[in-house]
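Asks: Next up, final-v2.tsv (TSV, C-alpha atoms (C1' of nucleotides)).
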```
chain	number	residue	atom	x	y	z
A	1	MET	CA	-17.97	18.39	-7.94
A	2	ARG	CA	-14.71	16.47	-8.02
A	3	VAL	CA	-12.31	16.24	-5.04
A	4	ALA	CA	-8.91	14.52	-5.22
A	5	THR	CA	-5.98	13.71	-2.96
A	6	TRP	CA	-2.48	13.03	-4.22
A	7	ASN	CA	0.90	12.53	-2.57
A	8	ILE	CA	2.85	14.30	-5.28
A	9	ASN	CA	6.39	13.60	-3.93
A	10	SER	CA	7.83	17.06	-4.65
A	11	LEU	CA	5.70	19.89	-6.02
A	12	LYS	CA	8.60	21.40	-7.98
A	13	ALA	CA	9.70	18.14	-9.61
A	14	ARG	CA	6.08	17.27	-10.44
A	15	LEU	CA	4.75	20.69	-11.48
A	16	ASP	CA	4.42	19.94	-15.19
A	17	ARG	CA	2.65	16.66	-14.46
A	18	LEU	CA	0.40	18.36	-11.90
A	19	LEU	CA	-0.65	21.05	-14.37
A	20	ALA	CA	-1.30	18.46	-17.07
A	21	TRP	CA	-3.33	16.37	-14.62
A	22	LEU	CA	-5.40	19.37	-13.50
A	23	GLU	CA	-6.23	19.91	-17.17
A	24	SER	CA	-7.10	16.29	-17.94
A	25	ALA	CA	-8.84	15.24	-14.71
A	26	SER	CA	-10.45	18.63	-14.08
A	27	PRO	CA	-10.81	18.36	-10.30
A	28	ASP	CA	-12.43	21.20	-8.35
A	29	VAL	CA	-10.39	20.62	-5.20
A	30	VAL	CA	-7.02	18.85	-4.87
A	31	CYS	CA	-5.31	17.98	-1.61
A	32	LEU	CA	-1.56	17.51	-2.04
A	33	GLN	CA	1.05	15.95	0.23
A	34	GLU	CA	4.85	15.79	0.29
A	35	LEU	CA	5.38	19.17	-1.35
A	36	LYS	CA	9.05	19.05	-0.34
A	37	CYS	CA	9.28	22.83	-0.60
A	38	ALA	CA	8.82	25.82	1.68
A	39	THR	CA	5.55	27.76	1.66
A	40	ALA	CA	7.30	30.72	-0.01
A	41	ASP	CA	8.56	28.49	-2.84
A	42	VAL	CA	5.15	27.05	-3.79
A	43	PRO	CA	4.52	27.97	-7.46
A	44	VAL	CA	1.22	29.73	-6.78
A	45	GLU	CA	1.32	31.74	-10.03
A	46	ALA	CA	1.56	28.68	-12.28
A	47	ILE	CA	-1.25	27.06	-10.30
A	48	ALA	CA	-3.31	30.26	-10.52
A	49	ASP	CA	-2.81	30.31	-14.30
A	50	ALA	CA	-4.42	26.87	-14.31
A	51	GLY	CA	-7.40	28.35	-12.47
A	52	TYR	CA	-6.74	27.27	-8.88
A	53	GLU	CA	-6.19	29.13	-5.64
A	54	THR	CA	-3.62	27.63	-3.28
A	55	ALA	CA	-3.36	27.23	0.48
A	56	ALA	CA	-0.05	25.60	1.43
A	57	TRP	CA	2.21	24.89	4.36
A	58	GLY	CA	5.73	23.64	3.79
A	59	THR	CA	9.11	23.99	5.43
A	60	GLY	CA	11.53	22.68	2.84
A	61	ARG	CA	13.09	19.36	2.22
A	62	TRP	CA	10.45	17.01	3.63
A	63	ASN	CA	6.71	16.89	4.28
A	64	GLY	CA	4.49	19.79	3.21
A	65	VAL	CA	0.75	19.88	2.45
A	66	ALA	CA	-1.52	22.00	0.28
A	67	ILE	CA	-5.08	22.45	-0.92
A	68	LEU	CA	-5.83	23.74	-4.44
A	69	SER	CA	-9.32	24.92	-5.26
A	70	ARG	CA	-11.16	26.47	-8.19
A	71	VAL	CA	-14.37	26.88	-6.17
A	72	GLY	CA	-12.97	29.27	-3.55
A	73	ILE	CA	-10.87	28.65	-0.47
A	74	SER	CA	-11.50	30.08	2.99
A	75	ASP	CA	-11.16	29.42	6.71
A	76	VAL	CA	-7.70	27.92	6.21
A	77	ARG	CA	-6.13	26.32	9.26
A	78	THR	CA	-2.64	24.80	9.42
A	79	GLY	CA	-1.75	21.89	11.68
A	80	LEU	CA	-3.91	19.99	14.14
A	81	ALA	CA	-5.11	21.10	17.54
A	82	ASP	CA	-2.50	19.73	19.95
A	83	GLN	CA	-0.39	18.35	17.09
A	84	PRO	CA	2.65	16.53	18.51
A	85	ASP	CA	6.12	17.79	17.61
A	86	PHE	CA	8.98	15.65	16.31
A	87	ALA	CA	12.59	16.58	17.11
A	88	ASP	CA	11.34	19.87	18.58
A	89	ALA	CA	9.59	20.87	15.35
A	90	THR	CA	5.93	21.09	14.36
A	91	GLU	CA	6.00	19.45	10.94
A	92	PRO	CA	3.77	20.58	8.06
A	93	ARG	CA	1.47	17.56	7.89
A	94	ALA	CA	-2.06	18.99	8.02
A	95	ILE	CA	-3.97	21.85	6.41
A	96	THR	CA	-7.73	22.36	6.43
A	97	ALA	CA	-9.93	24.64	4.33
A	98	THR	CA	-13.47	25.24	3.14
A	99	CYS	CA	-13.81	24.98	-0.65
A	100	GLY	CA	-17.29	25.71	-2.00
A	101	PRO	CA	-19.72	23.26	-0.40
A	102	VAL	CA	-17.09	21.05	1.27
A	103	ARG	CA	-14.51	21.28	4.02
A	104	VAL	CA	-11.37	19.23	3.39
A	105	GLN	CA	-8.30	18.35	5.40
A	106	SER	CA	-5.08	17.42	3.56
A	107	LEU	CA	-2.98	15.04	5.68
A	108	TYR	CA	0.48	13.54	5.47
A	109	LEU	CA	0.88	11.18	8.39
A	110	PRO	CA	4.30	10.28	9.76
A	111	ASN	CA	5.82	7.16	8.25
A	112	GLY	CA	6.80	5.55	11.56
A	113	ARG	CA	10.01	4.15	10.05
A	114	ASP	CA	10.27	1.16	12.43
A	115	VAL	CA	8.26	0.03	15.42
A	116	ALA	CA	11.35	0.55	17.60
A	117	ASP	CA	12.03	4.06	16.22
A	118	PRO	CA	10.83	7.24	17.99
A	119	HIS	CA	8.99	8.01	14.76
A	120	PHE	CA	6.53	5.20	15.52
A	121	PRO	CA	5.08	6.60	18.80
A	122	TYR	CA	5.08	9.99	17.03
A	123	LYS	CA	2.87	8.47	14.33
A	124	LEU	CA	0.47	7.06	16.95
A	125	ALA	CA	0.38	10.41	18.79
A	126	PHE	CA	-0.37	12.21	15.52
A	127	LEU	CA	-3.29	9.85	14.87
A	128	LYS	CA	-4.63	10.47	18.37
A	129	ALA	CA	-4.46	14.23	17.80
A	130	LEU	CA	-6.18	13.77	14.44
A	131	ALA	CA	-9.09	11.86	15.98
A	132	ALA	CA	-9.69	14.70	18.44
A	133	ASP	CA	-9.13	17.41	15.83
A	134	ALA	CA	-11.57	15.95	13.30
A	135	ALA	CA	-14.37	15.20	15.77
A	136	ALA	CA	-16.21	18.52	15.45
A	137	ASP	CA	-16.13	18.55	11.63
A	138	ALA	CA	-17.11	14.87	11.57
A	139	ARG	CA	-20.27	15.62	13.53
A	140	GLY	CA	-21.09	18.77	11.54
A	141	GLU	CA	-23.62	19.11	8.75
A	142	THR	CA	-21.08	20.52	6.29
A	143	PRO	CA	-19.66	17.78	4.03
A	144	PHE	CA	-16.18	17.10	5.43
A	145	ALA	CA	-13.40	14.69	4.50
A	146	ALA	CA	-9.96	14.12	6.03
A	147	VAL	CA	-7.97	12.91	3.03
A	148	GLY	CA	-4.37	12.14	2.29
A	149	ASP	CA	-1.47	9.78	2.85
A	150	TYR	CA	-2.28	7.96	6.09
A	151	ASN	CA	0.72	5.63	5.78
A	152	ILE	CA	-1.45	2.77	7.09
A	153	CYS	CA	-2.87	-0.23	5.27
A	154	PRO	CA	-6.31	-0.54	6.92
A	155	THR	CA	-6.47	-4.32	6.35
A	156	ASP	CA	-4.23	-7.11	5.06
A	157	ASP	CA	-6.03	-6.81	1.72
A	158	ASP	CA	-4.56	-3.34	1.37
A	159	LEU	CA	-1.04	-4.51	0.56
A	160	TRP	CA	0.35	-6.85	-2.02
A	161	ASP	CA	2.01	-9.29	0.40
A	162	ALA	CA	0.85	-9.16	4.01
A	163	ALA	CA	3.15	-12.00	5.04
A	164	ALA	CA	6.22	-10.10	3.85
A	165	TRP	CA	5.24	-7.05	5.90
A	166	THR	CA	4.58	-8.74	9.25
A	167	GLY	CA	5.99	-6.69	12.08
A	168	THR	CA	6.69	-3.61	9.96
A	169	THR	CA	5.07	-0.21	10.16
A	170	HIS	CA	1.88	0.45	8.15
A	171	VAL	CA	0.27	-2.84	9.18
A	172	THR	CA	0.64	-3.10	12.97
A	173	PRO	CA	-2.40	-3.56	15.24
A	174	GLN	CA	-1.47	-0.33	17.04
A	175	GLU	CA	-1.64	1.73	13.84
A	176	ARG	CA	-4.88	0.09	12.75
A	177	ALA	CA	-6.44	0.68	16.17
A	178	ALA	CA	-5.39	4.34	16.01
A	179	LEU	CA	-6.94	4.59	12.55
A	180	ASP	CA	-10.12	2.97	13.85
A	181	ALA	CA	-10.25	5.64	16.55
A	182	VAL	CA	-10.16	8.33	13.85
A	183	LYS	CA	-13.06	6.60	12.09
A	184	ALA	CA	-14.91	6.29	15.40
A	185	ALA	CA	-14.99	10.09	15.54
A	186	GLY	CA	-17.57	9.80	12.75
A	187	LEU	CA	-15.64	9.26	9.53
A	188	ALA	CA	-16.01	6.47	6.97
A	189	ASP	CA	-13.47	5.18	4.43
A	190	VAL	CA	-14.62	6.14	0.90
A	191	PHE	CA	-13.54	2.97	-0.89
A	192	PRO	CA	-12.45	3.61	-4.49
A	193	ARG	CA	-12.65	1.57	-7.68
A	194	ALA	CA	-9.44	0.20	-9.15
A	195	LEU	CA	-9.02	1.07	-12.83
A	196	LYS	CA	-7.11	-2.19	-13.34
A	197	TYR	CA	-6.57	-5.36	-11.28
A	198	GLU	CA	-8.71	-6.27	-8.30
A	199	TRP	CA	-7.63	-3.87	-5.60
A	200	PRO	CA	-7.30	-0.04	-5.57
A	201	PHE	CA	-3.69	0.34	-4.44
A	202	THR	CA	-2.52	3.97	-4.31
A	203	TYR	CA	1.24	3.55	-3.86
A	204	TRP	CA	3.90	1.44	-5.58
A	205	ASP	CA	7.59	1.65	-4.68
A	206	TYR	CA	9.84	2.97	-7.44
A	207	ARG	CA	12.11	-0.06	-7.01
A	208	ASN	CA	11.95	-3.67	-8.16
A	209	LEU	CA	9.34	-3.17	-10.88
A	210	ASP	CA	6.74	-2.85	-8.16
A	211	PHE	CA	4.31	-0.89	-10.34
A	212	PRO	CA	4.39	-3.16	-13.39
A	213	LYS	CA	4.06	-6.15	-11.06
A	214	ASN	CA	1.28	-4.40	-9.10
A	215	ARG	CA	3.06	-4.76	-5.78
A	216	GLY	CA	1.19	-1.91	-4.19
A	217	LEU	CA	-0.29	-0.51	-1.01
A	218	ARG	CA	-3.59	1.24	-0.33
A	219	ILE	CA	-2.44	3.95	2.08
A	220	ASP	CA	-4.00	7.09	0.60
A	221	LEU	CA	-7.47	7.37	2.09
A	222	ALA	CA	-10.50	9.63	2.19
A	223	LEU	CA	-12.30	9.52	5.52
A	224	ALA	CA	-15.65	11.25	5.15
A	225	ASN	CA	-18.38	12.42	7.49
A	226	PRO	CA	-21.98	11.30	6.76
A	227	ALA	CA	-22.85	14.44	4.76
A	228	PHE	CA	-19.80	13.98	2.50
A	229	ALA	CA	-20.22	10.21	2.17
A	230	ALA	CA	-23.89	10.56	1.23
A	231	ALA	CA	-22.96	12.80	-1.70
A	232	VAL	CA	-20.34	10.45	-3.22
A	233	THR	CA	-21.30	9.23	-6.70
A	234	ASP	CA	-17.98	7.64	-7.70
A	235	ALA	CA	-14.42	7.15	-6.45
A	236	TYR	CA	-11.38	5.71	-8.18
A	237	VAL	CA	-7.58	5.59	-8.11
A	238	ASP	CA	-6.09	7.20	-11.21
A	239	ARG	CA	-3.30	4.66	-11.67
A	240	ASN	CA	-2.56	6.04	-15.14
A	241	GLU	CA	-0.85	8.96	-13.40
A	242	ARG	CA	1.64	6.49	-11.87
A	243	LYS	CA	2.91	5.56	-15.36
A	244	GLY	CA	5.83	6.91	-17.29
A	245	LYS	CA	8.89	9.03	-16.67
A	246	GLY	CA	8.68	11.50	-13.81
A	247	ALA	CA	5.69	9.99	-12.01
A	248	SER	CA	5.10	10.28	-8.28
A	249	ASP	CA	5.20	6.96	-6.44
A	250	HIS	CA	1.58	7.61	-5.41
A	251	ALA	CA	-1.48	7.83	-7.69
A	252	PRO	CA	-4.30	10.33	-7.15
A	253	LEU	CA	-7.49	9.24	-5.38
A	254	VAL	CA	-10.43	10.92	-7.12
A	255	ILE	CA	-13.92	11.34	-5.64
A	256	ASP	CA	-17.00	12.62	-7.44
A	257	LEU	CA	-19.79	14.22	-5.43
A	258	ASP	CA	-23.34	15.25	-6.15
A	259	LEU	CA	-22.76	18.72	-4.72
B	260	DA	C1'	3.01	-2.06	-22.60
B	261	DT	C1'	3.55	0.18	-16.70
B	262	DG	C1'	10.28	-1.48	-16.93
B	263	DC	C1'	14.52	-2.45	-12.42
B	264	DC	C1'	14.33	4.46	-7.33
B	265	DG	C1'	13.85	9.40	-6.82
B	266	DA	C1'	14.10	14.03	-4.46
B	267	DA	C1'	16.75	17.47	-2.19
B	268	DG	C1'	20.57	19.65	0.14
B	269	DT	C1'	25.07	20.05	-1.00
B	270	DT	C1'	28.45	19.38	-4.41
B	271	DA	C1'	30.08	13.07	-3.91
B	272	DC	C1'	27.37	11.71	-0.64
B	273	DT	C1'	23.60	11.45	2.64
B	274	DT	C1'	18.88	11.12	4.42
B	275	DC	C1'	14.36	9.86	3.81
B	276	DG	C1'	10.48	7.41	2.03
B	277	DA	C1'	6.93	2.68	2.85
```
Please re-express this file's structure in structure tokens.
Replies:
Amino acid sequence: MRVATWNINSLKARLDRLLAWLESASPDVVCLQELKCATADVPVEAIADAGYETAAWGTGRWNGVAILSRVGISDVRTGLADQPDFADATEPRAITATCGPVRVQSLYLPNGRDVADPHFPYKLAFLKALAADAAADARGETPFAAVGDYNICPTDDDLWDAAAWTGTTHVTPQERAALDAVKAAGLADVFPRALKYEWPFTYWDYRNLDFPKNRGLRIDLALANPAFAAAVTDAYVDRNERKGKGASDHAPLVIDLDL
DNA sequence: ATGCCGAAGTTACTTCGA
């Protein structure tokens, strides 16, 4: 089976591209982030016409996560156990479901904005909650993966210019330590192939010709438990989906499994 | 060729993203 994760940067603005990509890539399960629409506004009929059931959680202008599946979807859970709030709101940044033989969690981690901003400790608190939340599924025998936009470059190789990013969010030791704690719960980074160039970046800023110049980040990750990781036969970043008019600023991460 | 930011709420400008 094929599982993918994609920060789509608006489900409504990207719907035509999503439907075309479902047709061409033919994934069985797709985890989406940054829906930027409320749950009630998710175009479930158009997605159903493409052959996928939808579980989604969104509140409007920002954030929002979903799981699409053509192999069934059950045991849906929104949010994390003990998920921290921001500005007195529980933001739609996590949804978990069982789809056929796998259990997947679609995650959109807080950006952090700046190390001095309240959003930064919120990001660290979210990661701490994630580590605790994922522990049971990580230890389980069901193939499980916590996938999505982690908004962290795991190493200095995972961004185009580490020197230029010193002291900014996404690369700090605190964020990397918090990510390591998530992995320590029993999850391993499924490292993808790049379809071009040396490194599998998943995000390129819209500005400054960053995509043509390959000034990217690897921030979309799939953290898998041993049962999931053992079934992986291939993984790649579909950078072709980043091309052209109306692309998201993130490319899908695609994982093939012998399941 | 992959090409100089884009989405959404509100309605001319603002906030957010990484």
Asks: Distance atom CA of Ala132 of chain A-atom CA of Val147 of chain A, one decimal place?
Replies: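 Computed distance, atom CA of Ala132 of chain A to atom CA of Val147 of chain A, equals 15.6 Å.
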Asks: Counting only C-alpha atoms (C1' of nucleotides), find residues at most 8 Å from (1.3, 27.6, -4.9) (file frame) and give them as a VMD selection string.
Replies: chain A and resid 39 41 to 48 53 to 56
Asks: I need the contact residues of chain A against chain B, so if you could list those with any atom within 10 Å, counting all atoms listed in the file, and return them as JSON, numbers by chain, that would help.
Replies: {"A": [9, 10, 12, 13, 36, 37, 60, 61, 62, 111, 112, 113, 151, 152, 168, 169, 170, 203, 204, 205, 206, 207, 208, 209, 210, 211, 212, 213, 214, 217, 219, 239, 240, 242, 243, 244, 246, 247, 248, 249]}
Asks: Just to confirm, what's the straight-line distance from atom CA of Lys196 of chain A to atom CA of Val30 of chain A in Å (one decimal)?
Replies: 22.7 Å
Asks: One number please: atom CA of Arg14 of chain A to atom CA of Ile255 of chain A, in Å, one decimal.
Replies: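 Atom CA of Ile255 of chain A lies at a distance of 21.4 Å from atom CA of Arg14 of chain A.
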Asks: Please return as a ChimeraX atom specification every residue within 6 Å of (-13.0, 7.0, -10.0), taking into account all atoms listed in the file and the file's own coordinates.
Replies: /A:193,234-237,254
Asks: Pro92 of chain A: which residues within 7 Å, counting all atoms listed in the file, same-chain residues fewer than 5 positions away excluded, as a ChimeraX atom specification?
Replies: /A:57-59,63-65,79
Asks: Box along x, y and z, 4 Å on every side, all listed atoms of segment 201-217 of chain A inside: centre and edge lengths in Å to one decimal, as JSON.
Replies:
```
{"center_x": 4.2, "center_y": -1.1, "center_z": -7.2, "size_x": 23.8, "size_y": 18.1, "size_z": 20.4}
```
Asks: Could you write segment 23-50 of chain A as a PDB file, in the coordinates of the input, with N, CA and C atoms rebuilt where they are missing?
Replies:
```
ATOM      1  N   GLU A  23      -5.539  19.708 -15.886  1.00  0.00           N
ATOM      2  CA  GLU A  23      -6.230  19.910 -17.170  1.00  0.00           C
ATOM      3  C   GLU A  23      -7.041  18.685 -17.575  1.00  0.00           C
ATOM      4  N   SER A  24      -6.436  17.506 -17.436  1.00  0.00           N
ATOM      5  CA  SER A  24      -7.100  16.290 -17.940  1.00  0.00           C
ATOM      6  C   SER A  24      -8.160  15.766 -16.982  1.00  0.00           C
ATOM      7  N   ALA A  25      -7.890  15.797 -15.672  1.00  0.00           N
ATOM      8  CA  ALA A  25      -8.840  15.240 -14.710  1.00  0.00           C
ATOM      9  C   ALA A  25      -9.889  16.262 -14.274  1.00  0.00           C
ATOM     10  N   SER A  26      -9.534  17.522 -14.391  1.00  0.00           N
ATOM     11  CA  SER A  26     -10.450  18.630 -14.080  1.00  0.00           C
ATOM     12  C   SER A  26     -11.081  18.537 -12.689  1.00  0.00           C
ATOM     13  N   PRO A  27     -10.262  18.368 -11.657  1.00  0.00           N
ATOM     14  CA  PRO A  27     -10.810  18.360 -10.300  1.00  0.00           C
ATOM     15  C   PRO A  27     -11.152  19.786  -9.845  1.00  0.00           C
ATOM     16  N   ASP A  28     -12.109  19.893  -8.926  1.00  0.00           N
ATOM     17  CA  ASP A  28     -12.430  21.200  -8.350  1.00  0.00           C
ATOM     18  C   ASP A  28     -11.550  21.510  -7.152  1.00  0.00           C
ATOM     19  N   VAL A  29     -11.207  20.469  -6.399  1.00  0.00           N
ATOM     20  CA  VAL A  29     -10.390  20.620  -5.200  1.00  0.00           C
ATOM     21  C   VAL A  29      -9.344  19.500  -5.205  1.00  0.00           C
ATOM     22  N   VAL A  30      -8.088  19.848  -4.945  1.00  0.00           N
ATOM     23  CA  VAL A  30      -7.020  18.850  -4.870  1.00  0.00           C
ATOM     24  C   VAL A  30      -6.229  19.038  -3.582  1.00  0.00           C
ATOM     25  N   CYS A  31      -6.147  17.979  -2.799  1.00  0.00           N
ATOM     26  CA  CYS A  31      -5.310  17.980  -1.610  1.00  0.00           C
ATOM     27  C   CYS A  31      -3.996  17.314  -1.957  1.00  0.00           C
ATOM     28  N   LEU A  32      -2.890  18.012  -1.694  1.00  0.00           N
ATOM     29  CA  LEU A  32      -1.560  17.510  -2.040  1.00  0.00           C
ATOM     30  C   LEU A  32      -0.752  17.250  -0.770  1.00  0.00           C
ATOM     31  N   GLN A  33       0.141  16.249  -0.877  1.00  0.00           N
ATOM     32  CA  GLN A  33       1.050  15.950   0.230  1.00  0.00           C
ATOM     33  C   GLN A  33       2.472  15.754  -0.314  1.00  0.00           C
ATOM     34  N   GLU A  34       3.426  15.869   0.594  1.00  0.00           N
ATOM     35  CA  GLU A  34       4.850  15.790   0.290  1.00  0.00           C
ATOM     36  C   GLU A  34       5.269  16.820  -0.753  1.00  0.00           C
ATOM     37  N   LEU A  35       4.969  18.083  -0.456  1.00  0.00           N
ATOM     38  CA  LEU A  35       5.380  19.170  -1.350  1.00  0.00           C
ATOM     39  C   LEU A  35       6.894  19.252  -1.463  1.00  0.00           C
ATOM     40  N   LYS A  36       7.585  18.955  -0.383  1.00  0.00           N
ATOM     41  CA  LYS A  36       9.050  19.050  -0.340  1.00  0.00           C
ATOM     42  C   LYS A  36       9.549  20.431  -0.758  1.00  0.00           C
ATOM     43  N   CYS A  37       8.806  21.469  -0.403  1.00  0.00           N
ATOM     44  CA  CYS A  37       9.280  22.830  -0.600  1.00  0.00           C
ATOM     45  C   CYS A  37       8.653  23.739   0.454  1.00  0.00           C
ATOM     46  N   ALA A  38       9.317  24.862   0.690  1.00  0.00           N
ATOM     47  CA  ALA A  38       8.820  25.820   1.680  1.00  0.00           C
ATOM     48  C   ALA A  38       7.592  26.537   1.143  1.00  0.00           C
ATOM     49  N   THR A  39       6.765  27.038   2.055  1.00  0.00           N
ATOM     50  CA  THR A  39       5.550  27.760   1.660  1.00  0.00           C
ATOM     51  C   THR A  39       5.873  28.844   0.637  1.00  0.00           C
ATOM     52  N   ALA A  40       6.958  29.597   0.873  1.00  0.00           N
ATOM     53  CA  ALA A  40       7.300  30.720  -0.010  1.00  0.00           C
ATOM     54  C   ALA A  40       7.719  30.273  -1.405  1.00  0.00           C
ATOM     55  N   ASP A  41       8.104  28.999  -1.542  1.00  0.00           N
ATOM     56  CA  ASP A  41       8.560  28.490  -2.840  1.00  0.00           C
ATOM     57  C   ASP A  41       7.461  27.764  -3.623  1.00  0.00           C
ATOM     58  N   VAL A  42       6.258  27.708  -3.075  1.00  0.00           N
ATOM     59  CA  VAL A  42       5.150  27.050  -3.790  1.00  0.00           C
ATOM     60  C   VAL A  42       4.812  27.875  -5.037  1.00  0.00           C
ATOM     61  N   PRO A  43       4.747  27.234  -6.203  1.00  0.00           N
ATOM     62  CA  PRO A  43       4.520  27.970  -7.460  1.00  0.00           C
ATOM     63  C   PRO A  43       3.051  28.377  -7.635  1.00  0.00           C
ATOM     64  N   VAL A  44       2.638  29.346  -6.807  1.00  0.00           N
ATOM     65  CA  VAL A  44       1.220  29.730  -6.780  1.00  0.00           C
ATOM     66  C   VAL A  44       0.775  30.391  -8.091  1.00  0.00           C
ATOM     67  N   GLU A  45       1.715  31.071  -8.789  1.00  0.00           N
ATOM     68  CA  GLU A  45       1.320  31.740 -10.030  1.00  0.00           C
ATOM     69  C   GLU A  45       0.975  30.723 -11.113  1.00  0.00           C
ATOM     70  N   ALA A  46       1.828  29.696 -11.261  1.00  0.00           N
ATOM     71  CA  ALA A  46       1.560  28.680 -12.280  1.00  0.00           C
ATOM     72  C   ALA A  46       0.254  27.948 -11.980  1.00  0.00           C
ATOM     73  N   ILE A  47      -0.015  27.728 -10.695  1.00  0.00           N
ATOM     74  CA  ILE A  47      -1.250  27.060 -10.300  1.00  0.00           C
ATOM     75  C   ILE A  47      -2.447  27.986 -10.536  1.00  0.00           C
ATOM     76  N   ALA A  48      -2.240  29.281 -10.277  1.00  0.00           N
ATOM     77  CA  ALA A  48      -3.310  30.260 -10.520  1.00  0.00           C
ATOM     78  C   ALA A  48      -3.629  30.349 -12.010  1.00  0.00           C
ATOM     79  N   ASP A  49      -2.589  30.267 -12.847  1.00  0.00           N
ATOM     80  CA  ASP A  49      -2.810  30.310 -14.300  1.00  0.00           C
ATOM     81  C   ASP A  49      -3.656  29.132 -14.762  1.00  0.00           C
ATOM     82  N   ALA A  50      -3.603  28.043 -13.992  1.00  0.00           N
ATOM     83  CA  ALA A  50      -4.420  26.870 -14.310  1.00  0.00           C
ATOM     84  C   ALA A  50      -5.835  27.006 -13.726  1.00  0.00           C
TER      85      ALA A  50
END
```
